[in-house]
>>> print(open('upload_23.txt').read())   # compact mmCIF, C-alpha atoms
# COMPACT_ATOMS: atom_id res chain seq x y z
CA MET H 268 0.00 0.00 0.00
CA ALA H 269 0.97 3.65 -0.38
CA ALA H 270 2.06 3.91 3.26
CA GLY H 271 4.38 0.92 2.92
CA TRP H 272 2.30 -1.65 4.78
CA GLU H 273 1.06 -4.96 3.40
CA VAL H 274 -2.42 -5.51 4.79
CA ASP H 275 -4.78 -8.45 5.27
CA LEU H 276 -8.34 -7.63 6.32
CA VAL H 277 -10.42 -10.33 8.02
CA CYS H 278 -14.15 -9.65 8.09
CA SER H 279 -17.52 -11.37 7.91
CA GLY H 280 -19.04 -12.42 4.61
CA TYR H 281 -22.31 -11.52 2.96
CA PRO H 282 -24.41 -12.98 0.11
CA GLY H 283 -22.68 -12.70 -3.23
CA ALA H 284 -19.26 -11.85 -1.82
CA SER H 285 -16.22 -13.96 -2.57
CA ALA H 286 -14.29 -15.54 0.29
CA HIS H 287 -11.03 -14.01 -0.92
CA ASP H 288 -10.41 -10.77 -2.78
CA VAL H 289 -7.82 -8.04 -3.28
CA ILE H 290 -9.03 -4.43 -3.25
CA ASP H 291 -6.55 -1.55 -3.62
CA GLY H 292 -3.77 -3.94 -2.65
CA VAL H 293 -5.50 -5.13 0.54
CA GLY H 294 -6.08 -8.87 0.89
CA ILE H 295 -9.68 -9.47 1.97
CA HIS H 296 -10.66 -12.64 3.84
CA ARG H 297 -14.43 -13.01 4.29
CA HIS H 298 -15.84 -15.75 6.48
CA GLY H 299 -19.08 -16.49 8.28
CA HIS H 300 -21.83 -13.98 9.01
CA TRP H 301 -21.68 -10.84 11.16
CA THR H 302 -23.91 -12.46 13.80
CA VAL H 303 -21.25 -15.10 14.53
CA ALA H 304 -18.17 -13.07 13.60
CA ASN H 305 -16.65 -13.23 17.08
CA PHE H 306 -16.69 -17.05 16.92
CA VAL H 307 -15.57 -17.53 13.30
CA LEU H 308 -13.04 -14.78 12.58
CA PRO H 309 -10.54 -15.53 15.38
CA GLN H 310 -9.97 -18.94 13.78
CA VAL H 311 -9.13 -17.25 10.47
CA VAL H 312 -6.75 -14.83 12.18
CA LYS H 313 -5.02 -17.70 13.98
CA ARG H 314 -4.35 -19.44 10.64
CA LEU H 315 -2.95 -16.26 9.12
CA LEU H 316 -0.69 -15.62 12.11
CA ARG H 317 0.68 -19.17 11.85
CA SER H 318 1.33 -18.85 8.11
CA GLY H 319 2.93 -15.39 8.02
CA ASP H 320 5.19 -13.07 9.95
CA TYR H 321 2.96 -10.11 10.81
CA ASP H 322 4.34 -6.91 12.32
CA LEU H 323 1.02 -5.93 13.84
CA LEU H 324 -2.51 -7.13 14.51
CA VAL H 325 -5.25 -4.48 14.64
CA GLU H 326 -8.56 -5.47 16.23
CA ASP H 327 -11.74 -3.46 15.90
CA ILE H 328 -13.65 -3.91 19.15
CA ASN H 329 -17.11 -2.95 18.04
CA LYS H 330 -19.22 -3.89 21.07
CA ILE H 331 -18.17 -7.59 21.25
CA PRO H 332 -14.40 -8.19 21.45
CA PHE H 333 -12.54 -10.95 19.62
CA PHE H 334 -10.20 -11.40 22.62
CA SER H 335 -7.13 -11.31 20.38
CA PRO H 336 -4.61 -11.20 23.28
CA LEU H 337 -5.54 -14.82 23.99
CA PHE H 338 -4.22 -16.05 20.62
CA CYS H 339 -1.99 -13.41 19.00
CA GLY H 340 1.16 -14.71 20.71
CA ASP H 341 4.06 -12.26 20.41
CA THR H 342 2.44 -10.33 17.54
CA PRO H 343 1.91 -6.74 18.73
CA LEU H 344 -1.71 -5.68 19.01
CA VAL H 345 -3.58 -2.39 18.73
CA ALA H 346 -7.26 -2.44 19.70
CA ILE H 347 -9.45 0.21 18.09
CA VAL H 348 -12.57 1.08 20.09
CA PRO H 349 -15.25 3.39 18.64
CA HIS H 350 -17.25 3.00 21.83
CA LEU H 351 -18.65 0.34 24.14
CA PHE H 352 -22.32 -0.18 24.93
CA GLY H 353 -22.12 -0.59 28.69
CA THR H 354 -25.61 -0.72 30.18
CA THR H 355 -27.00 1.06 27.09
CA VAL H 356 -27.23 -2.35 25.43
CA TYR H 357 -30.26 -3.14 27.57
CA ARG H 358 -32.15 -0.38 25.71
CA GLU H 359 -31.74 -2.29 22.45
CA ALA H 360 -31.48 -6.04 22.92
CA ASN H 361 -33.45 -8.61 24.86
CA PRO H 362 -32.06 -9.34 28.36
CA LEU H 363 -30.26 -12.54 27.29
CA VAL H 364 -28.41 -10.98 24.34
CA ALA H 365 -27.79 -7.77 26.25
CA THR H 366 -26.25 -9.65 29.17
CA TYR H 367 -23.99 -11.56 26.75
CA VAL H 368 -22.71 -8.32 25.18
CA TYR H 369 -22.39 -6.57 28.54
CA GLY H 370 -20.52 -9.55 30.00
CA ALA H 371 -18.10 -9.69 27.05
CA GLU H 372 -17.31 -6.00 27.49
CA ARG H 373 -16.69 -6.49 31.20
CA LEU H 374 -13.82 -8.86 30.38
CA ILE H 375 -11.92 -6.27 28.32
CA PRO H 376 -9.90 -4.73 31.18
CA ARG H 377 -8.64 -8.15 32.24
CA VAL H 378 -7.88 -9.61 28.80
CA TYR H 379 -6.53 -6.40 27.20
CA LYS H 380 -4.67 -4.96 30.20
CA ASN H 381 -1.30 -4.90 28.36
CA VAL H 382 -2.66 -3.76 24.98
CA ASP H 383 -2.38 -0.39 23.26
CA PHE H 384 -5.69 1.24 22.33
CA GLU H 385 -6.83 3.73 19.72
CA VAL H 386 -10.12 5.47 20.53
CA ILE H 387 -12.06 8.03 18.52
CA SER H 388 -13.10 10.44 21.28
CA PRO H 389 -12.10 11.64 24.75
CA SER H 390 -15.35 10.12 26.04
CA THR H 391 -14.33 6.61 24.98
CA ARG H 392 -10.91 7.12 26.55
CA GLU H 393 -12.57 8.15 29.82
CA ASP H 394 -14.81 5.08 29.61
CA LEU H 395 -11.86 2.69 29.21
CA ILE H 396 -9.93 4.32 32.05
CA ALA H 397 -12.99 4.08 34.29
CA ARG H 398 -13.11 0.37 33.46
CA GLY H 399 -9.56 -0.03 34.79
CA LEU H 400 -7.36 0.27 31.70
CA ASP H 401 -4.06 2.18 31.68
CA GLY H 402 -4.64 5.68 30.29
CA SER H 403 -1.03 5.94 29.10
CA ARG H 404 -1.75 3.17 26.56
CA ILE H 405 -4.91 4.80 25.17
CA ARG H 406 -4.42 7.18 22.22
CA THR H 407 -7.28 9.45 21.19
CA ILE H 408 -7.38 9.97 17.42
CA LEU H 409 -10.38 11.94 16.24
CA CYS H 410 -12.29 10.90 13.14
CA GLY H 411 -12.09 12.83 9.89
CA LEU H 412 -14.80 13.97 7.53
CA GLU H 413 -15.41 13.56 3.79
CA HIS H 414 -15.74 17.28 3.19
CA GLU H 415 -16.24 16.94 -0.55
CA ARG H 416 -19.34 14.78 -0.02
CA PHE H 417 -21.06 17.34 2.19
CA THR H 418 -20.00 20.53 0.43
CA LEU H 419 -22.12 21.68 -2.51
CA ALA H 420 -20.97 24.27 -5.04
CA ASP H 421 -24.59 25.31 -5.53
CA PRO H 422 -26.50 24.23 -2.39
CA PRO H 423 -30.29 24.44 -2.31
CA PRO H 424 -31.82 27.25 -0.25
CA ARG H 425 -33.00 26.51 3.25
CA SER H 426 -36.61 25.44 3.34
CA GLU H 427 -39.10 28.28 3.72
CA ILE H 428 -40.88 25.99 6.19
CA PRO H 429 -38.98 25.51 9.50
CA LEU H 430 -37.50 22.06 9.05
CA VAL H 431 -36.24 19.82 11.86
CA VAL H 432 -34.38 16.60 11.09
CA ALA H 433 -33.49 13.45 13.04
CA TRP H 434 -30.91 11.34 11.22
CA SER H 435 -29.87 7.94 12.53
CA ARG H 436 -30.27 4.21 12.31
CA LEU H 437 -33.75 3.54 13.62
CA ARG H 438 -32.93 1.43 16.64
CA LYS H 439 -34.39 1.69 20.14
CA TYR H 440 -31.18 2.77 21.81
CA LYS H 441 -30.88 5.77 19.45
CA SER H 442 -33.95 7.23 21.22
CA ILE H 443 -35.57 8.84 18.17
CA ASP H 444 -38.80 8.74 20.19
CA VAL H 445 -37.35 11.60 22.27
CA ALA H 446 -36.90 13.67 19.10
CA ILE H 447 -40.51 12.96 18.09
CA ARG H 448 -41.86 14.05 21.48
CA ALA H 449 -39.63 17.13 21.34
CA PHE H 450 -41.05 17.99 17.93
CA ALA H 451 -44.59 17.84 19.35
CA LEU H 452 -43.49 20.58 21.78
CA ILE H 453 -41.72 22.53 19.02
CA ARG H 454 -44.96 22.74 17.04
CA GLN H 455 -46.68 24.39 19.99
CA GLU H 456 -44.30 27.35 19.52
CA VAL H 457 -43.65 27.05 15.78
CA PRO H 458 -46.85 25.62 14.23
CA ALA H 459 -45.44 25.76 10.70
CA ALA H 460 -42.55 23.43 11.58
CA ARG H 461 -42.16 20.07 9.91
CA MET H 462 -39.88 17.13 10.74
CA LEU H 463 -37.93 14.64 8.64
CA ILE H 464 -36.68 11.31 10.01
CA MET H 465 -33.85 9.94 7.86
CA GLY H 466 -32.58 6.40 8.21
CA ARG H 467 -33.85 2.86 8.41
CA GLY H 468 -33.93 0.14 11.03
CA PRO H 469 -36.08 -2.21 13.09
CA ASP H 470 -37.52 0.53 15.31
CA ARG H 471 -39.39 2.27 12.48
CA GLU H 472 -42.76 0.62 13.14
CA ARG H 473 -42.72 1.57 16.83
CA LEU H 474 -41.76 5.14 15.97
CA GLN H 475 -44.49 5.45 13.34
CA LYS H 476 -47.06 4.30 15.89
CA LEU H 477 -45.83 6.99 18.28
CA VAL H 478 -46.17 9.64 15.57
CA THR H 479 -49.76 8.52 14.93
CA ARG H 480 -50.57 8.44 18.65
CA LEU H 481 -49.33 12.03 19.02
CA GLY H 482 -51.35 13.18 16.01
CA LEU H 483 -48.22 14.16 14.09
CA ASP H 484 -48.68 12.15 10.88
CA PRO H 485 -49.28 15.27 8.72
CA TYR H 486 -46.12 16.93 10.06
CA ILE H 487 -43.50 14.18 10.21
CA GLU H 488 -42.10 12.33 7.19
CA PHE H 489 -40.10 9.09 7.41
CA GLN H 490 -37.69 9.26 4.50
CA GLY H 491 -35.90 5.96 5.05
CA PHE H 492 -32.57 5.38 3.33
CA LEU H 493 -31.36 8.20 1.09
CA SER H 494 -28.60 8.25 -1.50
CA TRP H 495 -25.64 10.50 -0.67
CA THR H 496 -26.91 13.13 -3.11
CA GLU H 497 -30.40 13.14 -1.60
CA LEU H 498 -29.06 13.11 1.96
CA VAL H 499 -26.74 16.08 1.48
CA GLN H 500 -29.36 18.07 -0.43
CA THR H 501 -31.82 17.42 2.42
CA LEU H 502 -29.35 18.47 5.14
CA HIS H 503 -28.76 21.75 3.32
CA ARG H 504 -32.50 22.43 3.34
CA CYS H 505 -32.99 21.78 7.06
CA HIS H 506 -32.60 24.20 9.98
CA VAL H 507 -31.98 22.06 13.10
CA PHE H 508 -30.64 18.52 13.61
CA LEU H 509 -31.79 16.69 16.76
CA ASN H 510 -29.44 13.94 17.95
CA THR H 511 -31.14 12.30 20.94
CA SER H 512 -28.82 9.31 21.37
CA PRO H 513 -27.72 8.34 24.91
CA LYS H 514 -24.18 7.47 23.79
CA GLU H 515 -21.99 7.68 20.70
CA GLY H 516 -18.40 6.86 19.98
CA TRP H 517 -17.93 10.28 18.45
CA GLY H 518 -21.00 11.62 16.66
CA LEU H 519 -19.93 11.57 13.02
CA THR H 520 -23.39 12.61 11.83
CA VAL H 521 -23.03 15.74 13.98
CA VAL H 522 -20.01 17.08 12.11
CA GLU H 523 -21.40 15.88 8.77
CA ALA H 524 -24.52 17.95 9.46
CA ASN H 525 -22.27 20.81 10.57
CA GLN H 526 -20.47 20.70 7.23
CA CYS H 527 -23.87 21.45 5.66
CA GLY H 528 -24.21 24.49 7.93
CA LEU H 529 -26.71 22.73 10.17
CA PRO H 530 -26.67 23.49 13.94
CA VAL H 531 -27.27 20.55 16.27
CA VAL H 532 -29.16 20.03 19.51
CA ALA H 533 -27.83 16.86 21.12
CA SER H 534 -27.77 14.84 24.31
CA ASP H 535 -25.05 15.87 26.75
CA ARG H 536 -23.68 12.37 26.75
CA PRO H 537 -20.46 10.54 25.78
CA GLY H 538 -19.30 11.14 22.23
CA LEU H 539 -21.85 13.85 21.50
CA LYS H 540 -20.31 16.14 24.11
CA ASP H 541 -17.08 15.81 22.10
CA SER H 542 -18.52 16.42 18.62
CA VAL H 543 -20.84 19.31 19.60
CA SER H 544 -19.20 22.60 20.58
CA ASP H 545 -21.84 23.66 23.10
CA GLY H 546 -23.05 27.20 22.57
CA HIS H 547 -21.16 27.53 19.27
CA THR H 548 -22.09 24.80 16.78
CA GLY H 549 -25.18 23.76 18.71
CA SER H 550 -26.47 22.96 22.17
CA LEU H 551 -26.11 20.08 24.61
CA VAL H 552 -29.13 19.19 26.75
CA PRO H 553 -29.86 16.45 29.29
CA PHE H 554 -30.50 13.07 27.68
CA GLY H 555 -34.19 12.25 27.35
CA ASP H 556 -35.36 15.79 28.19
CA GLU H 557 -37.66 16.48 25.24
CA ALA H 558 -38.63 19.87 26.72
CA ALA H 559 -34.98 20.97 26.72
CA PHE H 560 -34.52 19.73 23.14
CA ALA H 561 -37.61 21.67 22.12
CA ARG H 562 -36.52 24.90 23.85
CA GLN H 563 -33.14 24.95 22.13
CA ALA H 564 -34.62 24.06 18.74
CA VAL H 565 -37.31 26.74 19.02
CA GLN H 566 -34.68 29.33 19.92
CA LEU H 567 -32.76 28.49 16.74
CA LEU H 568 -35.88 28.50 14.60
CA GLN H 569 -37.05 31.88 15.91
CA ASP H 570 -33.73 33.76 16.22
CA HIS H 571 -32.26 34.15 12.75
CA GLU H 572 -29.08 35.89 13.91
CA LEU H 573 -28.36 33.12 16.42
CA TRP H 574 -29.01 30.49 13.77
CA SER H 575 -26.66 32.22 11.32
CA ARG H 576 -23.84 32.46 13.87
CA ARG H 577 -24.13 28.80 14.79
CA SER H 578 -24.45 27.72 11.17
CA GLU H 579 -21.20 29.52 10.30
CA ALA H 580 -19.46 28.15 13.41
CA ALA H 581 -20.68 24.66 12.51
CA ARG H 582 -19.03 24.82 9.07
CA GLU H 583 -15.77 26.11 10.57
CA TRP H 584 -15.78 23.36 13.23
CA ALA H 585 -16.43 20.63 10.66
CA GLY H 586 -13.57 21.94 8.56
CA THR H 587 -11.07 21.05 11.29
CA PHE H 588 -11.62 17.27 10.91
CA SER H 589 -9.52 15.49 8.32
CA TRP H 590 -9.26 11.82 7.33
CA PRO H 591 -5.65 12.23 6.10
CA ARG H 592 -4.75 13.54 9.57
CA CYS H 593 -6.59 10.61 11.17
CA VAL H 594 -4.73 8.14 8.92
CA GLU H 595 -1.37 9.78 9.64
CA GLU H 596 -1.89 9.65 13.41
CA SER H 597 -3.14 6.05 13.28
CA LEU H 598 -0.18 4.88 11.19
CA ALA H 599 2.18 6.62 13.59
CA LEU H 600 0.65 4.65 16.47
CA PHE H 601 0.84 1.38 14.49
CA GLU H 602 4.50 2.00 13.66
CA GLU H 603 5.29 2.81 17.29
CA VAL H 604 3.70 -0.40 18.57
CA ALA H 605 5.23 -2.56 15.82
CA LEU H 606 8.66 -1.04 16.44
CA ARG H 607 8.69 -2.35 19.99
CA ARG H 608 8.54 -5.92 18.66
CA ARG H 609 11.33 -5.33 16.18
CA GLN H 610 13.48 -3.87 18.95
CA ARG H 611 12.82 -6.88 21.17
CA ARG H 612 13.53 -9.30 18.31
CA ASP H 613 16.61 -7.51 16.95
CA PRO H 614 18.23 -5.69 19.92
>>> encode(input="upload_23.txt", output="structure tokens")
Amino acid sequence: MAAGWEVDLVCSGYPGASAHDVIDGVGIHRHGHWTVANFVLPQVVKRLLRSGDYDLLVEDINKIPFFSPLFCGDTPLVAIVPHLFGTTVYREANPLVATYVYGAERLIPRVYKNVDFEVISPSTREDLIARGLDGSRIRTILCGLEHERFTLADPPPRSEIPLVVAWSRLRKYKSIDVAIRAFALIRQEVPAARMLIMGRGPDRERLQKLVTRLGLDPYIEFQGFLSWTELVQTLHRCHVFLNTSPKEGWGLTVVEANQCGLPVVASDRPGLKDSVSDGHTGSLVPFGDEAAFARQAVQLLQDHELWSRRSEAAREWAGTFSWPRCVEESLALFEEVALRRRQRRDP
């Protein structure tokens, strides 16, 4: 690859995908299904480690760990953690599945105690330290942003109708129901307001029933999955983005919305408190407090000067996040960890 590394990627398979592939010089090894990835993929990694001399193993701990320290031998390891569920998992899954995920996460401090970590926000770093991991081995490397995707040479004008948007996977733990209840309060102050819900997921039916129960069917539109072009055009038309999640690894949708000049009202919770510059690019409010969400949104919808200041600040804030910088910092960490092994092997 361009950075001088030879890379093998081990991941789950999907219908129609080949078991082995090479994309942009990266060897792809697809096995099993995502639902059983933590059982199947470690076996593949073990075979690769036995057959080759790898300088580094990078594990993505996305909720359920692979427990790589138990089988990687003397191969150096970096664990990348977007964020961990913690007790939030009980908002989404049934008690049996939730307890399995929660229990697996609880083992991380013991199994990974001598491992170097890369995390994507200060909140995730604080979480890992609180769980008992060594803060000196946890590097925070902020995500980047595909600026070209969210910047339009000729953007559409903002909607003449006050337009609120909630944009997320539609899953229970994302708490889109809070945004819907907040919108009911927003309409009491701004009757012309309308709401868009972008995204798809298993919670859509429950959310639609809530909209009907609140009498909001004429005012809320579920848009489902949108192409990139449609999504970016829509964000440029909106006025306020409500992110009601109880926990995020970083809040990538926040800065993507910011790049479109869209201020955000978000939960004052892990990840979101890192991606929202409170009082500048948006507002942070207590999680689950639909009245607080509504107050901040109404203020933005009714105060044009405030909205303009935050819209401009949002674009400036989003402009500070770069994927090349993220890649450079990540590769520097990988090289640092891999170098320790070479020094031990060739003193």
>>> closest_residue(input="upload_23.txt", among="H:Gly549, H:Gly528, H:Gly516, H:Pro469", to="Ile347 (chain H)", atoms="only C-alpha atoms")
H:Gly516
>>> closest_residue(input="upload_23.txt", among="H:Leu477, H:Ala585, H:Leu337, H:Val531", to="Leu567 (chain H)", atoms="only C-alpha atoms")
H:Val531
>>> residues_around(input="upload_23.txt", residues="Tyr321 (chain H)", least_positions_apart="4", cutoff="9 Å", atoms="only C-alpha atoms", output="PyMOL selection string")
chain H and resi 315-316+342-343
>>> atom_distance(input="upload_23.txt", atom1="CA of Phe492 (chain H)", atom2="CA of Gly518 (chain H)")
18.7 Å
>>> closest_residue(input="upload_23.txt", among="H:Asp545, H:Glu488, H:Asp444, H:Glu456", to="Ala564 (chain H)", atoms="all atoms listed in the file")
H:Glu456
>>> closest_residue(input="upload_23.txt", among="H:Asp401, H:Glu515, H:Glu497, H:Glu572", to="Lys540 (chain H)", atoms="all atoms listed in the file")
H:Glu515
>>> atom_distance(input="upload_23.txt", atom1="CA of Trp584 (chain H)", atom2="CA of Glu415 (chain H)")
15.2 Å
>>> atom_distance(input="upload_23.txt", atom1="CA of Ala286 (chain H)", atom2="CA of Pro349 (chain H)")
26.4 Å
>>> closest_residue(input="upload_23.txt", among="H:His296, H:Arg425, H:Arg576, H:Arg562", to="His547 (chain H)", atoms="only C-alpha atoms")
H:Arg576
>>> residues_near_point(input="upload_23.txt", point="(-11.7, -0.7, 22.4)", cutoff="9 Å", atoms="only C-alpha atoms", output="number ranges by chain")
H: 326-330, 332, 346-351, 375, 384-386, 391-392, 395
>>> closest_atom_pairs(input="upload_23.txt", of="region 538-607 of chain H", to="region 404-410 of chain H", cutoff="9 Å", atoms="all atoms listed in the file", output="JSON lines")
{"residue": "H:Phe588", "atom": "CA", "partner": "H:Cys410", "partner_atom": "CA", "distance": 6.8}
{"residue": "H:Ser589", "atom": "CA", "partner": "H:Cys410", "partner_atom": "CA", "distance": 7.2}
{"residue": "H:Trp590", "atom": "CA", "partner": "H:Cys410", "partner_atom": "CA", "distance": 6.6}
{"residue": "H:Arg592", "atom": "CA", "partner": "H:Cys410", "partner_atom": "CA", "distance": 8.8}
{"residue": "H:Cys593", "atom": "CA", "partner": "H:Cys410", "partner_atom": "CA", "distance": 6.0}
{"residue": "H:Glu596", "atom": "CA", "partner": "H:Ile408", "partner_atom": "CA", "distance": 6.8}
{"residue": "H:Ser597", "atom": "CA", "partner": "H:Ile408", "partner_atom": "CA", "distance": 7.1}
{"residue": "H:Leu600", "atom": "CA", "partner": "H:Arg406", "partner_atom": "CA", "distance": 8.1}
>>> write_last_selection(input="upload_23.txt", atoms="C-alpha atoms", output="short mmCIF file (atom, residue, chain, number, x, y, z; two decimals), in the frame of the given file")
data_model
loop_
_atom_site.label_atom_id
_atom_site.label_comp_id
_atom_site.auth_asym_id
_atom_site.auth_seq_id
_atom_site.Cartn_x
_atom_site.Cartn_y
_atom_site.Cartn_z
CA PHE H 588 -11.62 17.27 10.91
CA SER H 589 -9.52 15.49 8.32
CA TRP H 590 -9.26 11.82 7.33
CA ARG H 592 -4.75 13.54 9.57
CA CYS H 593 -6.59 10.61 11.17
CA GLU H 596 -1.89 9.65 13.41
CA SER H 597 -3.14 6.05 13.28
CA LEU H 600 0.65 4.65 16.47
#
>>> residues_around(input="upload_23.txt", residues="region 361-374 of chain H", least_positions_apart="5", cutoff="9 Å", atoms="all atoms listed in the file", output="list in words")
Lys330, Ile331, Pro332, Phe334, Leu351, Phe352, Gly353, Thr354, Thr355, Val356, Tyr379 and Arg398 of chain H
>>> write_last_selection(input="upload_23.txt", atoms="C-alpha atoms", output="PDB file, in the frame of the given file")
ATOM      1  CA  LYS H 330     -19.220  -3.890  21.070  1.00  0.00           C
ATOM      2  CA  ILE H 331     -18.170  -7.590  21.250  1.00  0.00           C
ATOM      3  CA  PRO H 332     -14.400  -8.190  21.450  1.00  0.00           C
ATOM      4  CA  PHE H 334     -10.200 -11.400  22.620  1.00  0.00           C
ATOM      5  CA  LEU H 351     -18.650   0.340  24.140  1.00  0.00           C
ATOM      6  CA  PHE H 352     -22.320  -0.180  24.930  1.00  0.00           C
ATOM      7  CA  GLY H 353     -22.120  -0.590  28.690  1.00  0.00           C
ATOM      8  CA  THR H 354     -25.610  -0.720  30.180  1.00  0.00           C
ATOM      9  CA  THR H 355     -27.000   1.060  27.090  1.00  0.00           C
ATOM     10  CA  VAL H 356     -27.230  -2.350  25.430  1.00  0.00           C
ATOM     11  CA  TYR H 379      -6.530  -6.400  27.200  1.00  0.00           C
ATOM     12  CA  ARG H 398     -13.110   0.370  33.460  1.00  0.00           C
TER      13      ARG H 398
END
>>> residues_near_point(input="upload_23.txt", point="(-16.5, -12.0, 4.3)", cutoff="12 Å", atoms="only C-alpha atoms", output="ChimeraX atom specification")
/H:276-288,294-301,303-304,307-308,311
>>> residues_around(input="upload_23.txt", residues="Phe508 (chain H)", least_positions_apart="5", cutoff="8 Å", atoms="only C-alpha atoms", output="CSV table (one decimal) with C-alpha atoms, in the frame of the given file")
chain,number,residue,atom,x,y,z
H,431,VAL,CA,-36.2,19.8,11.9
H,432,VAL,CA,-34.4,16.6,11.1
H,433,ALA,CA,-33.5,13.4,13.0
H,434,TRP,CA,-30.9,11.3,11.2
H,524,ALA,CA,-24.5,18.0,9.5
H,529,LEU,CA,-26.7,22.7,10.2
H,530,PRO,CA,-26.7,23.5,13.9
H,531,VAL,CA,-27.3,20.6,16.3
H,532,VAL,CA,-29.2,20.0,19.5
>>> closest_residue(input="upload_23.txt", among="H:Ser578, H:Thr418, H:Ser442, H:Gln475", to="Cys505 (chain H)", atoms="only C-alpha atoms")
H:Ser578
>>> decode(input="upload_23.txt", residues="region 355-367 of chain H", atoms="N, CA and C atoms", output="mmCIF file, in the first residue's frame")
data_model
loop_
_atom_site.group_PDB
_atom_site.id
_atom_site.type_symbol
_atom_site.label_atom_id
_atom_site.label_comp_id
_atom_site.auth_asym_id
_atom_site.auth_seq_id
_atom_site.Cartn_x
_atom_site.Cartn_y
_atom_site.Cartn_z
ATOM 1 N N THR H 355 -26.125 0.595 28.174
ATOM 2 C CA THR H 355 -26.996 1.058 27.088
ATOM 3 C C THR H 355 -27.521 -0.097 26.257
ATOM 4 N N VAL H 356 -26.808 -1.212 26.238
ATOM 5 C CA VAL H 356 -27.231 -2.351 25.426
ATOM 6 C C VAL H 356 -28.603 -2.857 25.843
ATOM 7 N N TYR H 357 -28.960 -2.661 27.110
ATOM 8 C CA TYR H 357 -30.262 -3.138 27.573
ATOM 9 C C TYR H 357 -31.420 -2.318 26.999
ATOM 10 N N ARG H 358 -31.120 -1.140 26.400
ATOM 11 C CA ARG H 358 -32.153 -0.377 25.711
ATOM 12 C C ARG H 358 -32.500 -1.002 24.365
ATOM 13 N N GLU H 359 -31.584 -1.797 23.824
ATOM 14 C CA GLU H 359 -31.741 -2.295 22.455
ATOM 15 C C GLU H 359 -32.094 -3.764 22.378
ATOM 16 N N ALA H 360 -31.356 -4.586 23.089
ATOM 17 C CA ALA H 360 -31.475 -6.035 22.922
ATOM 18 C C ALA H 360 -32.306 -6.659 24.040
ATOM 19 N N ASN H 361 -32.737 -7.905 23.801
ATOM 20 C CA ASN H 361 -33.446 -8.614 24.858
ATOM 21 C C ASN H 361 -32.466 -8.926 25.998
ATOM 22 N N PRO H 362 -32.953 -9.196 27.199
ATOM 23 C CA PRO H 362 -32.064 -9.339 28.356
ATOM 24 C C PRO H 362 -30.967 -10.390 28.177
ATOM 25 N N LEU H 363 -31.268 -11.491 27.473
ATOM 26 C CA LEU H 363 -30.262 -12.542 27.294
ATOM 27 C C LEU H 363 -29.116 -12.051 26.424
ATOM 28 N N VAL H 364 -29.448 -11.488 25.252
ATOM 29 C CA VAL H 364 -28.413 -10.982 24.344
ATOM 30 C C VAL H 364 -27.666 -9.820 24.979
ATOM 31 N N ALA H 365 -28.423 -8.931 25.637
ATOM 32 C CA ALA H 365 -27.793 -7.771 26.255
ATOM 33 C C ALA H 365 -26.792 -8.183 27.334
ATOM 34 N N THR H 366 -27.146 -9.181 28.112
ATOM 35 C CA THR H 366 -26.246 -9.649 29.168
ATOM 36 C C THR H 366 -24.996 -10.287 28.574
ATOM 37 N N TYR H 367 -25.147 -10.977 27.446
ATOM 38 C CA TYR H 367 -23.989 -11.564 26.751
ATOM 39 C C TYR H 367 -23.027 -10.465 26.306
#
